[in-house]
Each structure stands twice: as structure tokens, then as C-alpha cells.
file protein-v7.cif (mmCIF, C-alpha atoms)
data_final
loop_
_atom_site.label_atom_id
_atom_site.label_comp_id
_atom_site.auth_asym_id
_atom_site.auth_seq_id
_atom_site.Cartn_x
_atom_site.Cartn_y
_atom_site.Cartn_z
CA MET A 1 18.42 5.92 16.55
CA PHE A 2 17.22 2.45 17.47
CA ASP A 3 19.82 0.76 19.59
CA ASN A 4 18.73 -2.82 20.20
CA ARG A 5 21.91 -4.55 19.14
CA ASP A 6 20.47 -7.90 20.18
CA ARG A 7 17.63 -7.65 17.68
CA SER A 8 17.89 -10.15 14.84
CA LEU A 9 16.58 -9.94 11.30
CA ILE A 10 16.91 -12.96 9.08
CA VAL A 11 16.40 -12.56 5.34
CA ALA A 12 15.18 -16.09 4.70
CA GLY A 13 16.69 -17.98 1.78
CA SER A 14 14.19 -20.83 1.89
CA ILE A 15 10.71 -21.61 3.18
CA GLU A 16 12.25 -24.03 5.67
CA GLU A 17 14.55 -21.33 7.05
CA ALA A 18 11.63 -18.93 7.35
CA LEU A 19 9.42 -21.49 9.10
CA ALA A 20 12.21 -22.43 11.47
CA ALA A 21 12.58 -18.76 12.42
CA VAL A 22 8.83 -18.43 12.93
CA GLY A 23 8.96 -21.57 15.04
CA ARG A 24 11.56 -19.90 17.27
CA GLY A 25 9.23 -16.94 17.73
CA ALA A 26 10.37 -14.57 15.00
CA THR A 27 7.83 -12.11 13.61
CA ILE A 28 7.47 -11.95 9.84
CA LEU A 29 8.58 -8.60 8.41
CA ALA A 30 6.79 -7.85 5.14
CA GLY A 31 7.01 -4.35 3.66
CA GLY A 32 7.34 -2.93 7.16
CA THR A 33 4.93 -0.04 6.57
CA TRP A 34 2.76 -1.06 9.53
CA LEU A 35 5.31 -2.68 11.82
CA MET A 36 7.75 0.23 11.59
CA ARG A 37 5.13 2.46 13.22
CA ASP A 38 4.98 0.34 16.37
CA PRO A 39 7.32 2.66 18.32
CA ARG A 40 4.97 5.56 17.49
CA ARG A 41 2.14 3.54 19.02
CA GLY A 42 4.17 2.96 22.16
CA ARG A 43 4.83 -0.66 21.30
CA PRO A 44 8.30 -2.16 21.22
CA LEU A 45 9.42 -3.72 17.97
CA PRO A 46 9.84 -7.52 18.03
CA GLY A 47 13.22 -8.81 19.12
CA ALA A 48 13.45 -11.29 16.26
CA LEU A 49 12.19 -10.87 12.72
CA VAL A 50 12.30 -12.76 9.47
CA SER A 51 11.85 -11.31 5.99
CA LEU A 52 10.42 -13.36 3.12
CA HIS A 53 11.10 -10.93 0.31
CA LYS A 54 13.91 -12.96 -1.26
CA LEU A 55 12.03 -16.27 -1.36
CA ALA A 56 11.40 -17.72 -4.82
CA GLY A 57 7.85 -17.15 -5.99
CA PHE A 58 7.07 -14.57 -3.32
CA ASN A 59 7.61 -11.59 -5.62
CA THR A 60 5.81 -12.73 -8.75
CA VAL A 61 2.32 -12.44 -10.22
CA ASP A 62 1.60 -15.36 -12.56
CA ILE A 63 -1.37 -14.86 -14.87
CA GLU A 64 -2.60 -18.28 -15.96
CA ALA A 65 -5.58 -19.23 -18.13
CA ASP A 66 -7.92 -20.05 -15.26
CA ARG A 67 -6.33 -18.36 -12.28
CA ILE A 68 -3.85 -15.77 -11.09
CA VAL A 69 -1.17 -16.64 -8.55
CA ILE A 70 0.18 -13.78 -6.44
CA GLY A 71 3.24 -14.16 -4.21
CA ALA A 72 2.84 -12.83 -0.68
CA ALA A 73 5.69 -10.32 -1.03
CA VAL A 74 4.24 -8.62 -4.12
CA SER A 75 3.80 -4.90 -3.49
CA HIS A 76 0.55 -3.03 -3.96
CA GLN A 77 2.10 -1.10 -6.84
CA GLU A 78 3.22 -4.26 -8.61
CA LEU A 79 -0.13 -5.94 -7.99
CA GLY A 80 -2.06 -3.01 -9.46
CA ARG A 81 0.19 -2.86 -12.51
CA SER A 82 0.13 -6.61 -13.11
CA LEU A 83 -3.64 -6.95 -12.96
CA ALA A 84 -4.55 -3.71 -14.75
CA GLY A 85 -6.96 -4.35 -17.60
CA ILE A 86 -7.94 -7.87 -16.55
CA ALA A 87 -11.73 -8.08 -16.70
CA GLY A 88 -13.35 -9.06 -13.43
CA LEU A 89 -10.49 -7.98 -11.20
CA GLU A 90 -11.11 -4.24 -11.32
CA ALA A 91 -11.85 -4.14 -7.57
CA VAL A 92 -8.49 -5.71 -6.74
CA VAL A 93 -6.70 -3.28 -9.04
CA ALA A 94 -8.54 -0.32 -7.53
CA ALA A 95 -7.76 -1.52 -4.00
CA ALA A 96 -4.07 -2.00 -4.79
CA ALA A 97 -3.79 1.30 -6.66
CA SER A 98 -5.65 3.49 -4.18
CA ALA A 99 -4.42 2.22 -0.81
CA ALA A 100 -2.34 4.63 1.29
CA ASN A 101 -0.05 6.74 -0.94
CA PRO A 102 2.32 6.03 -3.84
CA ALA A 103 5.48 5.60 -1.73
CA VAL A 104 3.74 3.20 0.66
CA ARG A 105 2.24 1.25 -2.24
CA ARG A 106 5.73 0.69 -3.62
CA VAL A 107 6.71 -1.09 -0.41
CA ALA A 108 3.59 -2.48 1.33
CA THR A 109 2.92 -6.07 0.31
CA ILE A 110 -0.24 -8.08 -0.19
CA GLY A 111 0.91 -10.55 2.46
CA GLY A 112 1.52 -7.83 5.00
CA ASN A 113 -1.84 -6.26 4.23
CA LEU A 114 -3.73 -9.51 4.77
CA CYS A 115 -1.80 -10.68 7.82
CA THR A 116 -1.75 -7.45 9.86
CA GLN A 117 -4.42 -8.26 12.37
CA ASP A 118 -4.88 -4.81 13.89
CA PHE A 119 -5.16 -2.98 10.56
CA SER A 120 -8.89 -2.64 9.93
CA ALA A 121 -8.69 -0.32 6.92
CA ALA A 122 -6.83 -2.67 4.57
CA ASP A 123 -8.19 -2.04 1.06
CA LEU A 124 -7.29 -5.47 -0.27
CA VAL A 125 -9.35 -7.32 2.33
CA PRO A 126 -12.85 -6.46 1.02
CA ALA A 127 -11.66 -6.64 -2.59
CA LEU A 128 -10.33 -10.18 -2.15
CA LEU A 129 -13.41 -11.22 -0.17
CA ALA A 130 -15.67 -10.01 -2.98
CA VAL A 131 -13.79 -11.92 -5.70
CA GLU A 132 -13.70 -15.01 -3.43
CA ALA A 133 -9.93 -15.36 -3.42
CA THR A 134 -8.19 -18.33 -1.87
CA VAL A 135 -4.88 -18.30 -0.01
CA GLU A 136 -2.00 -20.70 0.46
CA LEU A 137 -0.38 -21.09 3.86
CA GLN A 138 2.89 -22.90 4.48
CA GLY A 139 3.68 -24.65 7.73
CA VAL A 140 6.09 -27.28 8.98
CA ASP A 141 3.37 -29.89 8.50
CA GLY A 142 2.69 -28.90 4.90
CA THR A 143 0.62 -26.59 2.76
CA LEU A 144 -2.94 -25.44 3.34
CA VAL A 145 -5.13 -23.84 0.66
CA ILE A 146 -8.31 -22.28 2.02
CA PRO A 147 -10.82 -19.58 1.08
CA PHE A 148 -9.63 -16.12 2.04
CA SER A 149 -12.79 -15.68 4.12
CA SER A 150 -11.85 -18.76 6.20
CA PHE A 151 -8.32 -17.42 6.65
CA LEU A 152 -9.67 -14.10 7.84
CA ALA A 153 -12.03 -15.73 10.33
CA ASP A 154 -9.24 -17.78 11.92
CA ARG A 155 -6.24 -15.62 11.12
CA LYS A 156 -4.70 -15.41 14.56
CA ARG A 157 -4.61 -19.17 15.09
CA LEU A 158 -3.45 -19.96 11.57
CA LEU A 159 -0.60 -17.46 11.67
CA ALA A 160 0.70 -18.77 14.98
CA ASP A 161 2.76 -21.39 13.17
CA MET A 162 2.09 -20.88 9.46
CA MET A 163 2.81 -18.15 6.96
CA LEU A 164 0.88 -16.84 4.02
CA SER A 165 2.71 -17.66 0.82
CA LYS A 166 0.30 -17.11 -2.09
CA VAL A 167 -3.06 -15.64 -3.04
CA PHE A 168 -5.12 -17.18 -5.85
CA LEU A 169 -7.69 -15.30 -7.91
CA ARG A 170 -10.31 -16.86 -10.18
CA ARG A 171 -10.61 -15.75 -13.80
CA ASP A 172 -14.38 -16.31 -14.12
CA ILE A 173 -15.56 -13.09 -12.47
CA LEU A 174 -17.40 -10.86 -14.95
CA ALA A 175 -16.86 -7.50 -13.26
CA SER A 176 -16.02 -5.99 -9.90
CA ALA A 177 -15.90 -2.56 -8.29
CA HIS A 178 -14.33 -0.97 -5.22
CA ALA A 179 -15.61 2.18 -3.49
CA ARG A 180 -13.80 3.76 -0.57
CA LEU A 181 -14.43 6.82 1.53
CA PRO A 182 -11.33 8.70 2.62
CA LEU A 183 -11.67 11.68 4.92
CA ARG A 184 -9.17 14.46 5.32
CA ARG A 185 -8.81 13.81 9.03
CA ALA A 186 -8.38 10.08 8.41
CA GLY A 187 -5.20 10.63 6.41
CA ASP A 188 -4.47 7.82 4.00
CA TYR A 189 -6.99 5.39 5.45
CA PRO A 190 -10.55 5.03 4.18
CA VAL A 191 -13.21 5.10 6.90
CA ALA A 192 -15.40 2.65 4.98
CA ILE A 193 -14.90 0.42 1.94
CA VAL A 194 -17.35 -1.57 -0.20
CA SER A 195 -16.29 -4.08 -2.85
CA LEU A 196 -18.71 -5.83 -5.22
CA ALA A 197 -18.09 -8.64 -7.69
CA LEU A 198 -20.40 -10.17 -10.30
CA SER A 199 -19.90 -13.87 -11.07
CA ALA A 200 -20.73 -15.62 -14.32
CA ASP A 201 -23.74 -17.24 -12.62
CA GLY A 202 -25.19 -13.79 -11.92
CA LYS A 203 -24.38 -13.81 -8.20
CA ILE A 204 -23.16 -10.54 -6.69
CA CYS A 205 -20.72 -10.83 -3.79
CA ALA A 206 -20.44 -7.85 -1.46
CA ALA A 207 -17.75 -7.19 1.13
CA VAL A 208 -17.02 -4.37 3.54
CA GLY A 209 -13.79 -3.15 5.08
CA SER A 210 -12.78 -0.60 7.71
CA VAL A 211 -16.25 -0.43 9.29
CA GLU A 212 -15.74 -3.23 11.81
CA ASP A 213 -12.45 -4.47 13.23
CA VAL A 214 -12.13 -7.10 10.50
CA GLY A 215 -13.54 -6.93 6.97
CA ARG A 216 -16.32 -9.35 6.11
CA ARG A 217 -18.78 -10.40 3.43
CA TRP A 218 -22.11 -8.57 3.55
CA THR A 219 -24.23 -11.71 3.30
CA ALA A 220 -27.49 -9.98 4.26
CA LEU A 221 -27.07 -7.67 1.28
CA GLU A 222 -26.08 -10.50 -1.03
CA GLU A 223 -29.27 -12.34 -0.03
CA ALA A 224 -31.34 -9.20 -0.58
CA PHE A 225 -29.81 -8.81 -4.05
CA ALA A 226 -30.51 -12.47 -4.89
CA ALA A 227 -34.15 -12.13 -3.76
CA GLN A 228 -34.87 -9.48 -6.39
CA PRO A 229 -37.00 -10.56 -9.38
CA SER A 230 -34.04 -10.69 -11.74
CA GLY A 231 -31.72 -12.07 -9.08
CA ARG A 232 -30.04 -8.70 -8.60
CA PRO A 233 -31.01 -5.07 -8.03
CA ALA A 234 -32.42 -3.28 -11.04
CA ASP A 235 -30.07 -0.34 -10.66
CA ALA A 236 -27.68 1.39 -8.30
CA LYS A 237 -30.43 3.28 -6.46
CA SER A 238 -32.26 0.02 -5.75
CA ALA A 239 -29.01 -1.45 -4.45
CA GLU A 240 -28.62 1.52 -2.12
CA ALA A 241 -32.15 1.02 -0.77
CA LEU A 242 -31.46 -2.67 -0.15
CA ALA A 243 -28.23 -1.73 1.63
CA VAL A 244 -30.18 0.53 4.01
CA GLU A 245 -32.52 -2.35 4.88
CA SER A 246 -29.70 -4.90 5.21
CA ASN A 247 -27.26 -2.81 7.19
CA ASP A 248 -26.22 -5.15 10.01
CA PHE A 249 -22.82 -3.56 10.71
CA HIS A 250 -21.61 -2.34 14.07
CA GLY A 251 -19.17 0.41 13.24
CA ARG A 252 -15.94 0.73 15.17
CA ASP A 253 -15.18 4.03 16.81
CA GLY A 254 -11.85 5.57 15.94
CA ILE A 255 -10.11 8.92 15.79
CA GLU A 256 -10.76 9.06 12.03
CA ALA A 257 -14.54 8.50 12.29
CA ASP A 258 -17.25 7.39 14.70
CA GLY A 259 -18.76 3.95 14.32
CA TRP A 260 -22.23 5.25 13.44
CA TYR A 261 -20.77 7.29 10.59
CA ARG A 262 -18.89 4.36 9.08
CA ARG A 263 -22.12 2.36 9.16
CA GLN A 264 -24.19 5.23 7.80
CA VAL A 265 -22.11 5.76 4.66
CA LEU A 266 -22.26 2.14 3.52
CA PRO A 267 -25.44 2.44 1.39
CA THR A 268 -23.91 5.35 -0.51
CA LEU A 269 -20.76 3.32 -1.19
CA VAL A 270 -22.98 0.45 -2.35
CA ARG A 271 -24.71 2.78 -4.81
CA ARG A 272 -21.41 4.08 -6.14
CA SER A 273 -19.84 0.66 -6.53
CA MET A 274 -23.01 -0.86 -8.01
CA SER A 275 -23.17 1.92 -10.58
CA VAL A 276 -19.61 1.15 -11.66
CA LEU A 277 -20.26 -2.61 -11.61
CA LEU A 278 -23.35 -2.40 -13.81
CA ASN A 279 -21.62 -0.08 -16.26
CA ARG A 280 -18.71 -2.51 -16.49
CA GLU A 281 -21.09 -5.37 -17.18
CA VAL A 282 -22.80 -3.40 -19.94
CA GLY A 283 -19.40 -2.49 -21.37
CA ARG A 284 -18.31 -6.11 -21.70
CA MET B 1 23.49 -7.04 12.03
CA THR B 2 25.85 -5.69 9.38
CA VAL B 3 24.52 -4.27 6.14
CA SER B 4 26.47 -2.92 3.17
CA LEU B 5 24.87 -0.39 0.85
CA ARG B 6 25.70 2.64 -1.24
CA ILE B 7 24.49 6.09 -0.20
CA ASN B 8 24.88 8.93 -2.69
CA GLY B 9 27.58 7.03 -4.52
CA SER B 10 29.66 6.11 -1.48
CA SER B 11 29.96 2.68 0.10
CA TYR B 12 28.56 2.48 3.61
CA ARG B 13 28.62 -0.33 6.12
CA PHE B 14 26.01 -0.24 8.87
CA SER B 15 26.36 -2.29 12.00
CA GLY B 16 23.61 -2.22 14.61
CA ASP B 17 19.89 -2.63 15.08
CA PRO B 18 18.49 -3.91 11.75
CA MET B 19 15.16 -2.17 12.37
CA THR B 20 16.77 1.25 12.48
CA PRO B 21 14.83 3.39 9.99
CA LEU B 22 16.92 4.52 7.05
CA VAL B 23 16.07 8.15 7.83
CA ASP B 24 17.97 7.87 11.12
CA VAL B 25 20.97 6.32 9.42
CA LEU B 26 21.01 9.14 6.87
CA ARG B 27 20.63 11.92 9.40
CA SER B 28 22.52 10.64 12.45
CA GLU B 29 25.19 8.43 10.91
CA ARG B 30 25.80 10.12 7.57
CA PHE B 31 24.77 13.66 8.58
CA LEU B 32 22.58 13.92 5.49
CA THR B 33 20.05 16.15 7.16
CA GLY B 34 18.29 17.19 3.96
CA THR B 35 16.09 14.14 4.48
CA LYS B 36 13.53 15.25 7.07
CA ALA B 37 12.06 13.05 9.80
CA VAL B 38 8.64 14.59 10.39
CA CYS B 39 5.68 12.24 10.94
CA ARG B 40 7.67 8.98 11.00
CA GLU B 41 4.49 7.18 9.90
CA GLY B 42 4.65 7.30 6.12
CA PHE B 43 2.01 10.00 5.85
CA CYS B 44 3.92 13.21 5.15
CA GLY B 45 6.58 12.17 2.62
CA ALA B 46 9.26 14.54 3.95
CA CYS B 47 11.71 11.65 4.37
CA THR B 48 11.34 10.33 0.80
CA VAL B 49 14.55 9.05 -0.76
CA ASP B 50 15.40 6.99 -3.81
CA ILE B 51 16.13 3.32 -3.17
CA ASP B 52 17.14 1.31 -6.22
CA GLY B 53 15.30 3.74 -8.48
CA GLN B 54 12.10 3.92 -6.42
CA ALA B 55 10.90 6.83 -4.30
CA VAL B 56 10.38 5.36 -0.82
CA MET B 57 9.68 6.79 2.64
CA SER B 58 12.89 6.28 4.59
CA CYS B 59 11.11 6.43 7.97
CA LEU B 60 9.41 3.10 7.18
CA LYS B 61 12.44 1.37 5.68
CA PRO B 62 14.45 -0.74 8.10
CA VAL B 63 18.10 -0.59 7.19
CA GLY B 64 18.33 -4.35 7.69
CA LEU B 65 16.50 -4.84 4.39
CA LEU B 66 18.92 -2.71 2.42
CA ASP B 67 21.92 -4.96 1.98
CA GLY B 68 23.25 -4.20 -1.51
CA ALA B 69 20.82 -1.33 -2.08
CA ILE B 70 21.65 1.95 -3.81
CA VAL B 71 20.25 4.91 -1.90
CA ALA B 72 20.09 8.50 -3.12
CA SER B 73 19.04 11.34 -0.84
CA ILE B 74 18.28 14.96 -1.71
CA GLU B 75 21.96 15.80 -1.31
CA SER B 76 22.71 13.74 -4.41
CA MET B 77 20.53 15.89 -6.62
CA ALA B 78 22.96 18.81 -6.73
CA THR B 79 26.55 19.19 -5.60
CA GLY B 80 26.07 22.40 -3.65
CA ASP B 81 28.52 24.45 -5.66
CA GLY B 82 27.12 23.34 -9.02
CA PRO B 83 23.75 23.86 -10.69
CA LEU B 84 20.59 22.68 -8.99
CA HIS B 85 18.63 19.69 -10.26
CA SER B 86 16.32 20.98 -12.98
CA LEU B 87 13.24 20.40 -10.81
CA GLN B 88 14.82 22.23 -7.88
CA ALA B 89 15.66 25.08 -10.23
CA ALA B 90 12.08 25.16 -11.50
CA PHE B 91 10.73 25.40 -7.95
CA LEU B 92 13.21 28.14 -7.15
CA ALA B 93 12.33 30.07 -10.29
CA ALA B 94 8.61 29.87 -9.51
CA ASP B 95 9.22 30.84 -5.88
CA VAL B 96 7.05 28.02 -4.56
CA VAL B 97 9.16 27.06 -1.56
CA GLN B 98 8.08 28.45 1.79
CA CYS B 99 9.33 26.77 4.99
CA GLY B 100 11.11 24.11 2.93
CA MET B 101 10.49 21.18 5.27
CA CYS B 102 8.55 19.15 2.72
CA PHE B 103 10.56 20.04 -0.37
CA PRO B 104 13.37 17.47 -0.19
CA GLY B 105 10.69 14.76 -0.13
CA MET B 106 8.73 16.42 -2.90
CA ILE B 107 11.79 16.61 -5.12
CA MET B 108 12.66 12.98 -4.47
CA SER B 109 9.09 11.79 -5.16
CA LEU B 110 8.55 13.95 -8.20
CA SER B 111 11.93 13.35 -9.81
CA GLN B 112 11.15 9.64 -10.09
CA PHE B 113 7.58 10.28 -11.19
CA LEU B 114 8.51 12.82 -13.84
CA ARG B 115 11.34 10.64 -15.10
CA GLU B 116 8.80 7.86 -15.71
CA ASN B 117 5.94 10.15 -16.77
CA PRO B 118 7.38 13.04 -18.78
CA SER B 119 3.96 13.77 -20.28
CA ALA B 120 1.99 13.63 -17.03
CA THR B 121 -1.28 15.52 -16.79
CA ARG B 122 -2.15 17.85 -13.94
CA THR B 123 -4.42 15.16 -12.46
CA GLU B 124 -1.62 12.59 -12.63
CA VAL B 125 0.79 14.99 -10.95
CA LYS B 126 -1.72 15.55 -8.15
CA ALA B 127 -2.16 11.79 -7.70
CA ALA B 128 1.61 11.34 -7.56
CA MET B 129 1.84 13.94 -4.79
CA VAL B 130 -0.75 12.32 -2.52
CA GLY B 131 1.95 11.15 -0.13
CA ASN B 132 3.78 14.49 0.09
CA ILE B 133 2.11 16.90 2.47
CA CYS B 134 2.83 20.63 2.53
CA ARG B 135 1.32 22.80 5.22
CA CYS B 136 2.46 26.15 3.78
CA THR B 137 1.71 26.47 0.13
CA GLY B 138 -1.71 25.02 -0.64
CA TYR B 139 -0.16 22.89 -3.42
CA GLU B 140 -1.57 24.70 -6.44
CA ARG B 141 1.50 26.88 -6.97
CA ILE B 142 3.70 23.79 -6.70
CA ILE B 143 1.62 22.01 -9.30
CA ASP B 144 1.67 25.10 -11.52
CA ALA B 145 5.47 25.04 -11.32
CA ILE B 146 5.61 21.35 -12.18
CA MET B 147 3.32 21.81 -15.18
CA GLU B 148 5.47 24.70 -16.40
CA PHE B 149 8.53 22.53 -15.87
CA LEU B 150 6.95 19.74 -17.93
CA ALA B 151 6.11 22.18 -20.70
CA MET B 152 9.69 23.44 -20.96
CA PRO B 153 11.75 22.04 -23.83
CA LYS B 154 14.26 19.48 -22.53
CA GLU B 155 17.59 18.49 -24.00
CA GLY B 156 17.20 14.94 -22.71
CA PRO B 157 15.23 12.95 -20.14
CA VAL B 158 14.50 14.59 -16.79
CA ASN B 159 17.76 14.33 -14.92
CA GLY B 160 18.16 12.69 -11.56
#
call {"tool": "encode", "arguments": {"input": "protein-v7.cif", "output": "C-alpha cells"}}
result
Amino acid sequence: MFDNRDRSLIVAGSIEEALAAVGRGATILAGGTWLMRDPRRGRPLPGALVSLHKLAGFNTVDIEADRIVIGAAVSHQELGRSLAGIAGLEAVVAAAASAANPAVRRVATIGGNLCTQDFSAADLVPALLAVEATVELQGVDGTLVIPFSSFLADRKRLLADMMLSKVFLRRDILASAHARLPLRRAGDYPVAIVSLALSADGKICAAVGSVEDVGRRWTALEEAFAAQPSGRPADAKSAEALAVESNDFHGRDGIEADGWYRRQVLPTLVRRSMSVLLNREVGR
Amino acid sequence: MTVSLRINGSSYRFSGDPMTPLVDVLRSERFLTGTKAVCREGFCGACTVDIDGQAVMSCLKPVGLLDGAIVASIESMATGDGPLHSLQAAFLAADVVQCGMCFPGMIMSLSQFLRENPSATRTEVKAAMVGNICRCTGYERIIDAIMEFLAMPKEGPVNG
């Protein structure tokens, strides 16, 4: 039994109350599926926490004509269900519906997934990078809307005094795909993830998760795709070959897999995801 | 922090560390030891309980987030001197239980899943069980039992 009777948990009733708690040093508690494991990692839990799950707009997915607005406290399960069948967002649905296990997906939130800085295997990170999502941050000085890639690059500084409130998805993506490699010894976490998205202008965005400490766009591969005669690889096998040539990742070593292995499997995941992507495009 | 919730139909008032995992409240405060604390990391599923109609791992659920919640543990599925829950009875009839450590969590996960998916396929059942690990049985006999259970004529919806 935990016995820190001085620990505080505020269930915020307003953004202002939440920001005030953050300003006093409280840690944001999202679904808790990562934070609750801190004692198992030998880390003490924070002494002060604030939950956002009762804030208006934090639990909803609004599907609008030209964009989708996702509250930060939306669970993976709810996200997958809400976006199922929407053309172009297949990678996000696959990421939300395949992360961890069903009971964790019912609780783990998109905000927690994107803001947990030491969780490298987050499925939603490469998926949202590939579809070029944007995020909304709330702070005492106002609201900031920035590309998700910019948020990821500067996450630690931004989250020092701001909180993620919304994620925005475009509706002009033609198709996307998400390929992940789980291993038995890695439990619920994939050792490498590749997400691809095809825009209306023919551009293919590629993103990788779990291979390095933080997910990132695979710009070398995107450039290699764009340099092909038709502006994209002819087929999935060609995409795999380009991925071998463009592989500039430095895999992280971990108990689930060695760094070289994570790097090595990327071209195969590119082939798999490209095969799905091209089939989806043909099927449209 | 003080939190009021209902556990297996009874009102309960918790006062203490809000980050206390629900599994510890159930086992140490309420003596509901059917809920097993095994991995405490959300991997094994042995601590699964029903919270507001959803199967959730109680090791990862801080009690401080449960004000007003309705919690059901494995003990709520059968009274002890009455008939077993139909899924428990199906497992017993098929003799699929070995050490029994994982089964409370399996019952709690599957009862919600089967309630919502009474026509589930074998593949869907397997996907639903991803978060419930069993180190004794090899799973296939459990899944056989579930498929037989699904094929049985029912008087009404899956209970529980």
C-alpha cells in the first residue's frame, strides 16, 4: 500500500486551475499507465499531481469537414473507434488500436502518449508525424498551436509551463499505413515502428518510432521517394531498397532489442507499410 | 485525499494516498484477494476489474481518480454459495484452469468483451486476450472453451 498521505491529486475543473497547479510544480496525470509504473522502476511518484480528465473538450473527438480535433484526454480505444473508416487516417487508427493491450488502450490517453518523454515506443508518435498533425498547448500566457514535429523537438521546454490540450488532424491525406514489429520478449511494446502517409499532392511522409529515443520523420527516405521518376517508389520492394540506402538511424539499445536490430528491420517495415499504402490508394 | 466509490455493490470511502493502485485497495483494505497483483505493470492482466463497465487493470488505476466510480471485482461474479458466472462455469466444465492465478483477470476481461461481442470470432477472442497472460495452459484450450461457450444457446445476454 502506498502511504504518502501528503501527496496531493487535484482533478482540475478548469484550464486555469490545471495551469495553476502545474505552475506550483504539479505533474500532469493522464491515464496513469506509464506513471503508475514509476515505483517499479525505482522512481518515487510525484508529490503533487493534477488530472485533466474532467476538463471540457478534453474527452471528445470532433470530426469536422476539414479537420479533426482530438482532446488530450481521449483514450486510445476511443480514438481508434472514432476515426475508424476515415480515409487517410488509417495509420492513426492502427496505432491507437494496436498499442499495448486492450485494457491499457481503454485508459491510456493520446496526451499521455505524446507527453511521456521517456517512452520511446509510443505508437501514436510516428503515426501523427506521418500525417503531419498539429497540437495545441495551453499556458498562462495563452494558446500555442504548432506542428507536432516542432512539439516533439522541443517537448521538454514546452511542457515545463504549458500543457497539451488538443491534437488536430488534416482531412486531405489520401491514405496512410502503420507497421510495427512486436517481439515476444518485448511484451506489449514494438521494437520498431514505421508510419507512411500519402498526401493529395503525391508526397509520401515517413516517420519512425521506437528505434531512437524519440520518434522522428525519415526525411532521407522521403527525399529518396520524391527523387523517383514518378515522384514515389514504383512498388513496395523499391521502397524497401530505398530504405536500405537511406537508413540513417542510430538504434537505441534496450532489453527488448539491440539498437542494430531495430535499425535493421526498418526496410522490411517500410515494405510492409508501403504495400498497404499503395493498396489503399488503388482502393480509393 | 478522500474518495467515495462503490465496490461490488457496497459504498466505500477511501482516505489516504491518492496514487494508491486500486488493486491494493481491493486486496489490503477490502480483503478482495481474488484480484491478483502479479506484474504491477499492466502486462499480465491478472488484476483486471470492471470499472464503470470497462475492464481495466487495477494495478495502473490510482484510486484518486475513482471518485464516484462503480467497481466490480471477480468476487462480484458469483456469490460463493450460488451458481458460478456462466463463463466461470464454462471454464470449469472444460477443465481449462490450472494454477488459477490469471483466471480472475481473464474472467473480468472476457465477460466485458463477450457481453459486447456475443458473436466474436476465434481471432477476435484472441485479440481480446492479448493483455491476459497465462503461463500454464498455452491458451488454446481456454479459447476452445470460450468458443464452445459462445456456441451454447443462451437465454439472454451474457450475464455479468
call {"tool": "resolve_selection", "arguments": {"input": "protein-v7.cif", "expression": "the PyMOL selection byres ((chain B and resi 63-74) around 6)", "output": "list in words"}}
result
Val3, Ser4, Leu5, Arg6, Ile7, Asn8, Pro18, Thr20, Pro21, Leu22, Val49, Asp50, Ile51, Asp52, Pro62, Glu75, Ser76, Met77 and Pro104 of chain B
call {"tool": "atom_distance", "arguments": {"input": "protein-v7.cif", "atom1": "CA of Gly209 (chain A)", "atom2": "CA of Leu277 (chain A)"}}
result
17.9 Å
call {"tool": "resolve_selection", "arguments": {"input": "protein-v7.cif", "expression": "the PyMOL selection byres ((chain A) within 9 of (chain B))", "output": "mmCIF file with C-alpha atoms, keeping the file's coordinate frame"}}
result
data_model
loop_
_atom_site.group_PDB
_atom_site.id
_atom_site.type_symbol
_atom_site.label_atom_id
_atom_site.label_comp_id
_atom_site.auth_asym_id
_atom_site.auth_seq_id
_atom_site.Cartn_x
_atom_site.Cartn_y
_atom_site.Cartn_z
ATOM 1 C CA MET A 1 18.420 5.920 16.550
ATOM 2 C CA PHE A 2 17.220 2.450 17.470
ATOM 3 C CA ASP A 3 19.820 0.760 19.590
ATOM 4 C CA ASN A 4 18.730 -2.820 20.200
ATOM 5 C CA ARG A 5 21.910 -4.550 19.140
ATOM 6 C CA ASP A 6 20.470 -7.900 20.180
ATOM 7 C CA ARG A 7 17.630 -7.650 17.680
ATOM 8 C CA SER A 8 17.890 -10.150 14.840
ATOM 9 C CA LEU A 9 16.580 -9.940 11.300
ATOM 10 C CA ILE A 10 16.910 -12.960 9.080
ATOM 11 C CA VAL A 11 16.400 -12.560 5.340
ATOM 12 C CA GLY A 31 7.010 -4.350 3.660
ATOM 13 C CA GLY A 32 7.340 -2.930 7.160
ATOM 14 C CA THR A 33 4.930 -0.040 6.570
ATOM 15 C CA TRP A 34 2.760 -1.060 9.530
ATOM 16 C CA LEU A 35 5.310 -2.680 11.820
ATOM 17 C CA MET A 36 7.750 0.230 11.590
ATOM 18 C CA ARG A 37 5.130 2.460 13.220
ATOM 19 C CA ARG A 40 4.970 5.560 17.490
ATOM 20 C CA LEU A 45 9.420 -3.720 17.970
ATOM 21 C CA SER A 51 11.850 -11.310 5.990
ATOM 22 C CA ALA A 100 -2.340 4.630 1.290
ATOM 23 C CA ASN A 101 -0.050 6.740 -0.940
ATOM 24 C CA PRO A 102 2.320 6.030 -3.840
ATOM 25 C CA ALA A 103 5.480 5.600 -1.730
ATOM 26 C CA VAL A 104 3.740 3.200 0.660
ATOM 27 C CA ARG A 106 5.730 0.690 -3.620
ATOM 28 C CA VAL A 107 6.710 -1.090 -0.410
ATOM 29 C CA GLY A 187 -5.200 10.630 6.410
ATOM 30 C CA ASP A 188 -4.470 7.820 4.000
#
call {"tool": "resolve_selection", "arguments": {"input": "protein-v7.cif", "expression": "the PyMOL selection byres ((chain A and resi 95) around 8)", "output": "ChimeraX atom specification"}}
result
/A:91-94,96-99,123-124,127,178
call {"tool": "atom_distance", "arguments": {"input": "protein-v7.cif", "atom1": "CA of Val145 (chain A)", "atom2": "CA of Leu158 (chain A)"}}
result
11.7 Å
call {"tool": "axis_aligned_box", "arguments": {"input": "protein-v7.cif", "around": "region 31-46 of chain B", "padding_each_side": "8 Å", "output": "lines of an AutoDock Vina configuration file"}}
result
center_x = 13.4
center_y = 12.2
center_z = 6.8
size_x = 38.8
size_y = 26.0
size_z = 24.4
call {"tool": "atom_distance", "arguments": {"input": "protein-v7.cif", "atom1": "CA of Gly85 (chain A)", "atom2": "CA of Arg67 (chain A)"}}
result
15.0 Å
call {"tool": "closest_residue", "arguments": {"input": "protein-v7.cif", "among": "A:Glu16, A:Asp248, A:Asp118, A:Glu136", "to": "Val167 (chain A)", "atoms": "only C-alpha atoms"}}
result
A:Glu136
call {"tool": "residues_around", "arguments": {"input": "protein-v7.cif", "residues": "Leu49 (chain A)", "least_positions_apart": "5", "cutoff": "6 Å", "atoms": "only C-alpha atoms", "output": "list in words"}}
result
Leu9, Ala26, Thr27 and Ile28 of chain A
call {"tool": "residues_around", "arguments": {"input": "protein-v7.cif", "residues": "Leu278 (chain A)", "least_positions_apart": "5", "cutoff": "10 Å", "atoms": "only C-alpha atoms", "output": "PyMOL selection string"}}
result
chain A and resi 175-177+198+233-236+273+283
call {"tool": "closest_residue", "arguments": {"input": "protein-v7.cif", "among": "B:Cys47, B:Cys136, B:Leu87, B:Ala145", "to": "Gly105 (chain B)", "atoms": "only C-alpha atoms"}}
result
B:Cys47
